[in-house]
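Some notes on the structure that comes next.
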Amino acid sequence: MKALAAAICVLTAGVLRAQTLPSFEVASVRVSDPDDRGRCAQFLPGGRFLAQGCQITFMIQLLYGVHRFQVVNAPAWTHGGFDTFYTIQAKAGEATSNEQLRLMAQNLLADRFHLRYHRETREMDVYAMVVGKNGLEMQSAKDNGQPRGSGGLMSAGPGVMREVNGNMDNVAMALSEQAGRPVIDKTGLSDAVDFVLEWSPEEGADTTRPSIFTAVQEQLGLKLEPRRMPVEVLVIDHVERPTEN
């Protein structure tokens, strides 16, 4: 009898938790217009969440704090095709923290896209990003009135990358797109940085610019070391296209 009572209590607690997951008061999901495809997703004042012209894998990256290479088993439509960009406008019943908004947005993906996932660790071929033997060449970010490390990377054309008030995790994520395999930050650095990186965007191209690996070492004072490491990944078990409203 005691075991049965305990089981009922556990089951009841699980139901209550499910019923009290934070959710938005109103939310609109629709396929984006071509002009909306801006890869913009942000938490706004007043308890609002806006994802404008975003693909599902991009929103998963933002909401679950993972890089693109950590999203595994995602169907092709979640990151490719002209009709897979979505715009989401949602508002909480009252102003709340960004962390609460993040939980609400996660719940929205589960409710409207029927997203189901699990986490696991897999061995991967990666590049470990470490400080080079001659030390850093990047400058400590200038104070621009924003929180340290809250900036982002900007492309200034083929083979040119600019970082203003950025952090090393962003640097690693951007280099993952160029290096051909995931880049993991192993620098141990936490200060914000400013830099401009220039490299040859095509191997063997007739240019005076160096390869991405040489540029990273000479211009940033970093080194990309090939390693095989355990990496936590988010495995997509199920996801569906939503019904618009």
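Going by the structure tokens order, chains are called A, B, ..., each with residues numbered from 1, while ligands are numbered from 1 in the order shown.
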Next on the checklist: Report as an MDAnalysis selection string all protein, DNA and RNA residues lying within 12 Å of Ser28 in chain A, evaluated on only C-alpha atoms, omitting residues in the same chain fewer than 3 positions from it.
Outcome noted: chainID A and resid 24:25 31:32 48:52 86:91 105 108:109 112 242:245
Checklist entry - Among range 74-236 of chain A, which residues carry a DSSP assignment of helix (DSSP H, G or I), reported as number ranges by chain? => result A: 76-78, 98-112, 168-179, 212-220
Write a file of the selected residues as a compact mmCIF listing (two decimals), in the first residue's frame, keeping C-alpha atoms.
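The resulting out27.txt:
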```
# COMPACT_ATOMS: atom_id res chain seq x y z
CA ALA A 76 16.40 18.07 -43.99
CA TRP A 77 13.43 20.46 -43.98
CA THR A 78 14.53 21.93 -40.63
CA ASN A 98 15.16 36.02 -20.52
CA GLU A 99 15.62 32.61 -18.90
CA GLN A 100 11.87 32.27 -18.40
CA LEU A 101 11.30 33.40 -21.98
CA ARG A 102 13.78 30.75 -23.12
CA LEU A 103 11.79 28.05 -21.29
CA MET A 104 8.56 29.37 -22.80
CA ALA A 105 10.07 29.27 -26.29
CA GLN A 106 11.28 25.71 -25.71
CA ASN A 107 7.77 24.75 -24.67
CA LEU A 108 6.40 26.46 -27.78
CA LEU A 109 8.63 24.31 -30.03
CA ALA A 110 7.43 21.22 -28.19
CA ASP A 111 3.78 22.24 -28.52
CA ARG A 112 3.66 23.66 -32.05
CA MET A 168 35.61 32.92 -27.55
CA ASP A 169 32.62 30.60 -27.88
CA ASN A 170 31.34 32.75 -30.75
CA VAL A 171 34.78 32.65 -32.35
CA ALA A 172 34.83 28.84 -32.16
CA MET A 173 31.31 28.61 -33.61
CA ALA A 174 32.20 30.86 -36.55
CA LEU A 175 35.44 28.98 -37.26
CA SER A 176 33.48 25.71 -37.30
CA GLU A 177 31.78 26.97 -40.46
CA GLN A 178 35.15 27.57 -42.15
CA ALA A 179 37.38 24.76 -40.85
CA ILE A 212 42.08 29.92 -42.59
CA PHE A 213 44.44 27.90 -40.33
CA THR A 214 47.44 30.15 -40.97
CA ALA A 215 45.30 33.29 -40.62
CA VAL A 216 43.91 32.15 -37.25
CA GLN A 217 47.44 31.53 -35.96
CA GLU A 218 49.09 34.68 -37.36
CA GLN A 219 46.27 37.20 -36.95
CA LEU A 220 44.51 35.94 -33.80
```
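Checking A:Asn134, A:Gly188, A:Thr84, A:Gln61 one by one against Val29 in chain A, counting only C-alpha atoms, you find the shortest gap at A:Thr84.
Nearest-residue note for Val233 in chain A: choosing from A:Glu202, A:Glu120, A:Asp194, A:Asp185, the minimum distance belongs to A:Glu120, counting only C-alpha atoms.
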Checklist entry - In Å, how far is it from CA of Ser23 in chain A to CA of Cys54 in chain A? => result 20.2 Å
